[in-house]
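The structure under discussion appears below in the form of structure tokens.
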Amino acid sequence: MTKLTNRKFGLNSISIAISMALTGSMLSMSSYAAEEEVAVDDNVEKIAVVGSRSAPRSIGDSPVPIDIISGDEIRKSGNSDMLELLKGSVPSLNVHSNPISDAATLVRPANLRGLSADSTLILLNGKRRHRSSVITFLGGGINDGAHGPDISVFPSIALKQVEVLRDGAAAQYGSDAIAGVMNFVLRDDADGGAIEVKTGQYYEGDGTATEVSGYVGMPLTQNGFANLSFQYKNADATSRSEQRPDAAAFANAGLNVDNPAQVWGSPEIKDDISLFANLGLDLDEHSQAYLFGNYSKRDVKGGFYYRNPHNRGGVYSNDDGATLLVGDLTPGPVGQINDGLGIGDGIDCPVIPITSANVTTQQNYIDGIQNNPNCFAFNEMLPAGFTPNFGGEIVDTSLVAGTKGEFQIDWLQGITYDFSGSYGSNASRYFIYNTVNASLGPDTPRDFSPGKAIQTEWNVNADFVKYVDMGLSGDVSFAAGLEWHDETYEIVAGDEASFKVGPLFDQGFGIGSNGFPGYQPSAAGEFKRKNKAIYLDSSVPFTDNFLAEFAVRFEDYDSFGSTTNYKVAANWNIIDEFALRGSFNTGFRAPTVGQSNVSNVQTNLSNGALVDSALLPPTNPISQQLGGTELTPEESMSYTFGAVYTQGDFFLTADYYNIEVEDRISQSEKIELSESDKDALKAAGVPNVDGLSQVSFFTNDFDTTTQGIDVVANYTAEILAGDATFSLAYNWNETKVDRYSEITGDFKVARLEKDLPNHRATFTWGQSWESVGMFTRLNYFGEYQGVHVDYDATAIMADPAVTVDMELSYFINDAFTIAIGAQNIFDQQAEKLAFEEQTGIPNNNWGGKYYETSPYGFNGGYYYGKLSYRF
């Protein structure tokens with residue numbers, strides 16, 4: 001058996017990280033600048049297997065389309081966010097910047113092939129990765145309610161490569177692998193190491209980021225390795241904002257309003273640290289042990305909507321700015337205590353019509369409020385309004401341990417095994433700053449901790465492989481496995497002030513920390529689910545030129561029942577240079593425990609006004625009254641058909657895919673509450689109903705068909721007295737909503753179909769000389785639907801754009817390398833907001849300059865420098 005010390009296909013190569021995908025050889029996206037990256041063997045990059053139980057094959061034998069992105073290519077960018085790094089290498093992967101999007105600011109969702117973030121399975125060293133604790137409540141239509149893993153915790157320096165299976169794989173991996181699979185492979189070097197320091201900022205002069213990272217490989221006795229990696233970074237916030245017209249008017253009227261009052265930009269990230277460890281050890285010549293895991297922590301803080309001091313409901317006014325909301329603090333009977341406030345009945349204070357640009361200058365306000373200690377308005381405390389800041393502390397931990405090898409018992413001889421167990425946890429402690437619990441009046445705190453969400457998962461796997469000589473062109477592999485999975489989603493109540501019903505509630509003041517009310521004890525608790533699975537698969541080389549693969553998986557959940565899925569794939573090598581390949585598979589995505597049980601109150605824009613909306617479990621009585629039902633799994637059917645062409649140093653693949661998904665799980669449209677609805681909510685025991693305007697819930701409400709074409713080409717050559725690698729990747733993707741109801745709504749359908757560009761392409765040129773390396777990437781983004789805040793349902797199609805990334809490296813010696821570079825080097829700006837005459841909607845009411853849906857972001861060009869020391 002191959003020893004760990006010979007790690008050509010070592011412990012942490014996906015080629016023997018036993019998981020449950022079909023055999024597939026990898027297309028190397030690039031393998032250039034060998035002087036800069038020696039840790040990844042060229043053979044591993046060109047021959048690899050996603051979870052295969054059979055031997056590695058050459059690139060052209062792959063039955064399904066797969067990309068390998070080397071660690072070197074991933075690191076050729078100034079960005080420190082893993083999602084942004086991958087977006088430049090995988091055209092079918094889209095990632096949006098998320099200004100003002102609640103918890104989605106903390107953990108950003110990504111979309112592979114136009115499907116939601118939780119339709120792509122994430123693996124680490126071939127093992128299923130746990131989900132994030134963050135459910136994307138404000139997900140821009142496509143990701144509304146998505147609940148996937150947190151990819152951003154992976155440091156690029158810790159990675160040997162990333163493997164992207166662009167095909168459905170539920171028959172091997174189970175839930176979530178509808179769009180595909182992304183496997184992050186950790187370094188397995190037993191010696192050497194590196195330290196890298198990187199800093200940069202946007203052309204606008206903000207968003208300054210500094211990152212220090214490194215790794216070290218060490219022998220673990222004489223028969224193993226230990227590879228340790230770290231990354232520490234900080235990034236300042238960005239602002240692509242203009243002053244809101246209402247805030248500018250208040251400033252002109254003499255109020256001290258921040259400029260801008262509301263920030264559209266990327267959040268501030270502080271003390272972001274990730275530690276990864278990857279260990280392997282030969283126990284004897286027939287068995288091996290492995291252990292890997294991580295600890296990651298970061299603090300994130302982003303902006304929220306500006307609270308207008310004349311019309312913010314529940315704080316300043318309850319009639320859209322016609323009159324001021326005034327609290328009666330008239331003292332009660334002697335000895336009566338009411339949280340420091342009086343027990344006024346609201347009739348001892350005057351009605352203050354708002355008749356000027358600054359109500360605090362009106363004489364009726366001065367006489368009736370300012371000079372009256374028994375009457376209170378928030379204009380006394382916050383005369384210029386306020387803008388909350390939302391943030392959180394994210395802590396992510398995982399540990400995977402296992403052993404694998406070949407049985408030596410006579411009757412089990414020739415069977416290989418892989419036994420593993422894993423633990424993963426992701427916890428999000430939320431914070432909201434610079435806001436109020438209006439019902440507490442002048443006694444309100446300004447900062448709150450609204451609670452915490454924790455996602456915890458346990459996995460146990462047993463996998464077995466047997467090769468049998470059946471007289472074909474090669475041995476037939478038979479594999480089987482068992483999996484047990486336990487998942488818990490926990491909600492921890494916030495501090496009391498974040499949800500407390502204060503004494504001014506009966507006078508119309510809102511409850512809870514404004515913007516993100518805290519989780520109440522009644523909503524807190526643990527929600528659990530267990531599932532178990534068995535799978536079988538086989539790889540059959542019928543002839544030297546025809547390979548077929550088969551897989552079937554049965555999975556049983558203690559919540560909704562069982563599901564069976566299968567997959568068939570084949571590769572037909574017609575001639576040495578040309579092959580056809582294809583696959584057909586069924587799949588599913590189980591509703592998560594969080595999606596089935598979470599409740600939350602959000603502040604969002606509806607028809608141009610800020611309102612509070614409640615997300616309720618789909619089984620809540622009011623959800624059921626409005627059309628909600630218990631969640632069931634999404635079901636998918638997909639097929640691919642493609643070709644592979646190889647001629648010398650030129651390699652080309654083209655694949656068509658079609659993915660039908662029924663009963664997709666998403667957050668419903670926000671449904672306006674009538675008075676009868678509110679009465680029903682109260683009767684069902686839902687607290688704080690009077691302050692709510694809308695309700696939403698998770699639902700299986702629509703079907704989609706997604707189709708597309710992937711084209712990938714590679715060419716290597718010696719030109720310009722150096723070594724060059726050229727890579728072209730193109731994706732056409734189109735999603736159509738086949739069925740939906742008013743619960744989903746026309747606007748979300750438009751977002752699902754149009755927000756992402758139908759056409760994406762990247763062209764890279766990597767060039768290396770003796771002492772200099774160059775990397776250039778051209779990124780093409782087709783037209784997309786421009787949306788600025790969710791209420792804007794007008795279809796504005798933004799123009800296509802091209803951005804250019806470039807990095808130049810100078811190898812000072814074998815140890816030191818210095819590099820400078822830029823992303824979006826020509827500072828291509830995102831599409832600017834349309835004028836009112838084009839949309840019928842006032843322009844820039846909320847301070848933004850660009851549409852949020854820009855596929856290349858709205859921050860503009862970014863330049864950076866980095867210094868690497870390799871030892």
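A note on labels: chains of the structure tokens are A, B, ... as shown, every chain counts residues from 1, and ligands are counted from 1 in their shown order.
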
- Task: Write out as a PyMOL selection string which residues come within 9 Å of range 176-187 of chain A when counting only C-alpha atoms, dropping same-chain ones fewer than 6 positions away.
- Result: chain A and resi 12-14+21+39-40+50+111-116+118-128+148+154+157-170+215+217+227-229+276-278+292+586-590+635-638+659+661

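Nearest-residue note for Gly857 in chain A: choosing from A:Lys532, A:Lys682, A:Lys754, A:Lys832, the minimum distance belongs to A:Lys832, counting only C-alpha atoms.
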
- Query: Leaving out Tyr657 in chain A and any residue of its chain fewer than 4 positions from it, which residues lie within 7 Å of it when counting only C-alpha atoms, given as a VMD selection string?
  - Reply: chain A and resid 639 to 641 707 to 709

- Item | Residues near Ala713 in chain A, cut-off 8 Å, only C-alpha atoms, skip fewer than 2 positions along chain, as a ChimeraX atom specification | /A:650-653,711,715,727-729

Restricting it to N, CA, C and O atoms, dump the selection as an mmCIF file, in the first residue's frame.
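out-v8.cif, written as the output of this step:
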data_model
loop_
_atom_site.group_PDB
_atom_site.id
_atom_site.type_symbol
_atom_site.label_atom_id
_atom_site.label_comp_id
_atom_site.auth_asym_id
_atom_site.auth_seq_id
_atom_site.Cartn_x
_atom_site.Cartn_y
_atom_site.Cartn_z
ATOM 1 N N PHE A 650 -2.707 21.243 -25.877
ATOM 2 C CA PHE A 650 -4.013 21.902 -25.906
ATOM 3 C C PHE A 650 -5.077 20.957 -25.363
ATOM 4 O O PHE A 650 -5.124 19.770 -25.728
ATOM 5 N N PHE A 651 -5.937 21.492 -24.488
ATOM 6 C CA PHE A 651 -6.979 20.680 -23.855
ATOM 7 C C PHE A 651 -8.275 21.481 -23.852
ATOM 8 O O PHE A 651 -8.285 22.655 -23.455
ATOM 9 N N LEU A 652 -9.381 20.853 -24.286
ATOM 10 C CA LEU A 652 -10.655 21.546 -24.405
ATOM 11 C C LEU A 652 -11.788 20.651 -23.926
ATOM 12 O O LEU A 652 -11.848 19.467 -24.290
ATOM 13 N N THR A 653 -12.672 21.192 -23.105
ATOM 14 C CA THR A 653 -13.895 20.485 -22.729
ATOM 15 C C THR A 653 -15.081 21.414 -22.953
ATOM 16 O O THR A 653 -14.975 22.630 -22.772
ATOM 17 N N VAL A 711 -17.531 25.795 -21.072
ATOM 18 C CA VAL A 711 -16.416 25.546 -21.983
ATOM 19 C C VAL A 711 -15.133 25.913 -21.263
ATOM 20 O O VAL A 711 -15.010 27.010 -20.720
ATOM 21 N N TYR A 715 -3.938 25.728 -22.577
ATOM 22 C CA TYR A 715 -2.847 25.579 -23.529
ATOM 23 C C TYR A 715 -1.556 26.030 -22.865
ATOM 24 O O TYR A 715 -1.505 27.096 -22.236
ATOM 25 N N SER A 727 -5.537 29.901 -20.173
ATOM 26 C CA SER A 727 -6.761 29.203 -19.796
ATOM 27 C C SER A 727 -7.960 30.072 -20.145
ATOM 28 O O SER A 727 -7.963 31.278 -19.886
ATOM 29 N N LEU A 728 -8.967 29.447 -20.736
ATOM 30 C CA LEU A 728 -10.216 30.117 -21.043
ATOM 31 C C LEU A 728 -11.354 29.322 -20.433
ATOM 32 O O LEU A 728 -11.421 28.090 -20.607
ATOM 33 N N ALA A 729 -12.225 29.987 -19.708
ATOM 34 C CA ALA A 729 -13.402 29.331 -19.128
ATOM 35 C C ALA A 729 -14.616 30.209 -19.408
ATOM 36 O O ALA A 729 -14.599 31.418 -19.148
#

- Which of range 252-501 of chain A DSSP labels strand (DSSP E or B), written as a ChimeraX atom specification: /A:268-284,287-303,307,323,327-328,353,375-376,386,389-406,415-433,437,448-468,476-493

- Note on the structure: CA of Val802 in chain A sits from CA of Gly848 in chain A at a separation of 22.2 Å

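Considering the residues A:Tyr489, A:Phe781, A:Phe702, A:Tyr869 and counting only C-alpha atoms, Asp746 in chain A has its shortest atom-to-atom contact with A:Phe702.
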
- Item | Exercise: Asp418 in chain A partners within 8 Å, only C-alpha atoms, chain neighbours under 6 positions left out, as an NGL selection string | :A and (18 or 402-405 or 461-464)

Could you list, with a cut-off of 10 Å and counting only C-alpha atoms, the residues of range 49-155 of chain A near range 251-271 of chain A, each shown with its nearest atom pair and the distance in Å rounded to one decimal, rows sorted by chain and ascending number, as CSV?
residue,atom,partner,partner_atom,distance
A:Ser97,CA,A:Ser266,CA,6.9
A:Asn98,CA,A:Ser266,CA,7.0
A:Pro99,CA,A:Gly265,CA,5.4
A:Ile100,CA,A:Trp264,CA,7.1
A:Thr105,CA,A:Pro267,CA,7.1
A:Leu106,CA,A:Pro267,CA,8.4

Same residues, C-alpha atoms, saved as a short mmCIF file (atom, residue, chain, number, x, y, z; two decimals), in the first residue's frame:
data_model
loop_
_atom_site.label_atom_id
_atom_site.label_comp_id
_atom_site.auth_asym_id
_atom_site.auth_seq_id
_atom_site.Cartn_x
_atom_site.Cartn_y
_atom_site.Cartn_z
CA SER A 97 -21.46 42.01 -2.13
CA ASN A 98 -24.12 42.35 0.55
CA PRO A 99 -24.67 45.84 1.94
CA ILE A 100 -27.49 46.15 4.49
CA THR A 105 -23.38 40.53 5.85
CA LEU A 106 -21.66 38.14 8.26
#

- Query: In Å, with one decimal, what is the gap from CA of Thr592 in chain A to CA of Asn389 in chain A?
  - Reply: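 Computing it gives 28.5 Å between the two atoms.
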
- Which residue, A:Ala453, A:Leu279, A:Leu833, A:Ala815, has the smallest gap to Asp396 in chain A when you use only C-alpha atoms?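 Smallest distance to Asp396 in chain A is found for A:Ala453.
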
- Pick from A:Thr704, A:Ser239, A:Thr416, A:Asn845: nearest to Tyr467 in chain A, with only C-alpha atoms counted?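 Answer, going by the shortest atom-to-atom distance: A:Thr416.
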
- Pick the closest to Asn531 in chain A from A:Val611, A:Val593, A:Val315, A:Ala683: which is it, counting only C-alpha atoms?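 Of A:Val611, A:Val593, A:Val315, A:Ala683, the one nearest Asn531 in chain A, counting only C-alpha atoms, is A:Val593.
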
- If you count only C-alpha atoms, the residue of A:Leu504, A:Leu673, A:Val134, A:Val540 closest to Asp469 in chain A turns out to be A:Val540

- Item | Contact residues around Ile195 in chain A with only C-alpha atoms at 10 Å, ignoring same-chain residues under 3 positions, as a VMD selection string | chain A and resid 157 212 to 216 229 to 231 816 867 to 871

Keeping only all heavy atoms, write those residues as a short mmCIF file (atom, residue, chain, number, x, y, z; two decimals), in the first residue's frame.
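The resulting file, again_30.cif, is reproduced below:
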data_model
loop_
_atom_site.label_atom_id
_atom_site.label_comp_id
_atom_site.auth_asym_id
_atom_site.auth_seq_id
_atom_site.Cartn_x
_atom_site.Cartn_y
_atom_site.Cartn_z
N ILE A 157 -3.76 30.08 1.96
CA ILE A 157 -2.43 29.51 2.16
C ILE A 157 -2.49 28.10 2.73
O ILE A 157 -1.53 27.34 2.64
CB ILE A 157 -1.58 30.42 3.07
CG1 ILE A 157 -0.09 30.15 2.83
CG2 ILE A 157 -1.96 30.26 4.55
CD1 ILE A 157 0.82 31.22 3.36
N VAL A 212 -1.77 38.59 7.36
CA VAL A 212 -0.56 37.84 7.63
C VAL A 212 -0.95 36.37 7.66
O VAL A 212 -1.89 35.99 8.37
CB VAL A 212 0.10 38.24 8.96
CG1 VAL A 212 1.37 37.44 9.19
CG2 VAL A 212 0.39 39.73 8.98
N SER A 213 -0.26 35.55 6.90
CA SER A 213 -0.61 34.13 6.84
C SER A 213 0.65 33.29 6.71
O SER A 213 1.72 33.80 6.36
CB SER A 213 -1.56 33.85 5.67
OG SER A 213 -0.96 34.22 4.44
N GLY A 214 0.51 32.02 6.98
CA GLY A 214 1.66 31.14 6.88
C GLY A 214 1.29 29.69 7.09
O GLY A 214 0.18 29.35 7.49
N TYR A 215 2.24 28.83 6.77
CA TYR A 215 2.06 27.40 7.03
C TYR A 215 3.43 26.78 7.31
O TYR A 215 4.47 27.33 6.93
CB TYR A 215 1.38 26.69 5.86
CG TYR A 215 2.31 26.36 4.70
CD1 TYR A 215 2.96 25.13 4.62
CD2 TYR A 215 2.55 27.29 3.68
CE1 TYR A 215 3.81 24.83 3.57
CE2 TYR A 215 3.40 27.01 2.64
CZ TYR A 215 4.04 25.77 2.59
OH TYR A 215 4.89 25.49 1.55
N VAL A 216 3.41 25.64 7.95
CA VAL A 216 4.63 24.89 8.19
C VAL A 216 4.30 23.40 8.10
O VAL A 216 3.28 22.95 8.60
CB VAL A 216 5.26 25.24 9.56
CG1 VAL A 216 4.31 24.92 10.71
CG2 VAL A 216 6.59 24.52 9.75
N SER A 229 -1.47 25.65 9.46
CA SER A 229 -1.63 26.89 8.71
C SER A 229 -2.36 27.92 9.56
O SER A 229 -3.16 27.56 10.44
CB SER A 229 -2.43 26.64 7.42
OG SER A 229 -1.84 25.64 6.62
N PHE A 230 -2.10 29.19 9.28
CA PHE A 230 -2.83 30.25 9.98
C PHE A 230 -3.04 31.42 9.03
O PHE A 230 -2.32 31.61 8.04
CB PHE A 230 -2.07 30.73 11.22
CG PHE A 230 -0.95 31.69 10.92
CD1 PHE A 230 -1.16 33.07 10.96
CD2 PHE A 230 0.31 31.23 10.58
CE1 PHE A 230 -0.13 33.96 10.67
CE2 PHE A 230 1.34 32.11 10.29
CZ PHE A 230 1.11 33.48 10.34
N GLN A 231 -4.04 32.22 9.36
CA GLN A 231 -4.28 33.48 8.66
C GLN A 231 -4.89 34.46 9.64
O GLN A 231 -5.82 34.11 10.37
CB GLN A 231 -5.22 33.27 7.47
CG GLN A 231 -5.58 34.55 6.72
CD GLN A 231 -6.49 34.29 5.54
OE1 GLN A 231 -6.01 33.96 4.46
NE2 GLN A 231 -7.79 34.41 5.74
N PHE A 816 12.67 34.43 -0.96
CA PHE A 816 11.85 35.65 -0.91
C PHE A 816 11.23 35.96 -2.28
O PHE A 816 11.91 35.90 -3.31
CB PHE A 816 12.69 36.85 -0.45
CG PHE A 816 13.02 36.83 1.01
CD1 PHE A 816 14.23 36.32 1.45
CD2 PHE A 816 12.11 37.32 1.94
CE1 PHE A 816 14.55 36.31 2.80
CE2 PHE A 816 12.42 37.31 3.29
CZ PHE A 816 13.63 36.80 3.72
N LEU A 867 4.58 40.26 0.31
CA LEU A 867 5.93 39.74 0.46
C LEU A 867 5.83 38.33 1.02
O LEU A 867 5.14 38.10 2.02
CB LEU A 867 6.75 40.62 1.41
CG LEU A 867 8.16 40.11 1.76
CD1 LEU A 867 9.05 40.13 0.52
CD2 LEU A 867 8.78 40.98 2.86
N SER A 868 6.51 37.39 0.35
CA SER A 868 6.46 35.99 0.77
C SER A 868 7.86 35.50 1.11
O SER A 868 8.83 35.81 0.40
CB SER A 868 5.88 35.11 -0.34
OG SER A 868 4.59 35.54 -0.70
N TYR A 869 7.92 34.74 2.18
CA TYR A 869 9.17 34.08 2.56
C TYR A 869 8.90 32.58 2.64
O TYR A 869 8.00 32.14 3.37
CB TYR A 869 9.69 34.59 3.90
CG TYR A 869 10.83 33.78 4.46
CD1 TYR A 869 12.07 33.77 3.82
CD2 TYR A 869 10.68 33.02 5.62
CE1 TYR A 869 13.13 33.03 4.31
CE2 TYR A 869 11.74 32.27 6.13
CZ TYR A 869 12.96 32.27 5.47
OH TYR A 869 13.99 31.53 5.96
N ARG A 870 9.64 31.81 1.86
CA ARG A 870 9.44 30.37 1.80
C ARG A 870 10.68 29.67 2.36
O ARG A 870 11.81 30.04 2.04
CB ARG A 870 9.18 29.95 0.36
CG ARG A 870 8.64 28.54 0.20
CD ARG A 870 8.32 28.27 -1.27
NE ARG A 870 7.33 29.19 -1.78
CZ ARG A 870 6.02 29.03 -1.62
NH1 ARG A 870 5.57 27.99 -0.95
NH2 ARG A 870 5.19 29.91 -2.14
N PHE A 871 10.45 28.69 3.19
CA PHE A 871 11.59 28.00 3.79
C PHE A 871 11.38 26.49 3.75
O PHE A 871 10.32 26.00 3.39
CB PHE A 871 11.81 28.47 5.24
CG PHE A 871 10.60 28.33 6.12
CD1 PHE A 871 10.36 27.17 6.84
CD2 PHE A 871 9.67 29.38 6.23
CE1 PHE A 871 9.25 27.04 7.66
CE2 PHE A 871 8.56 29.26 7.05
CZ PHE A 871 8.33 28.09 7.76
#

- Item | Leu580 in chain A surroundings by only C-alpha atoms, 6 Å radius, close-in-sequence under 4 positions cut, as a list in words |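 Here the answer would be Asn571, Trp572, Gly642 and Ala643 of chain A.
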
- Task: For CA of Ala190 in chain A and CA of Phe225 in chain A, determine how far apart the two atoms are, in Å to one decimal place.
- Result: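 These atoms are spaced 4.7 Å apart.
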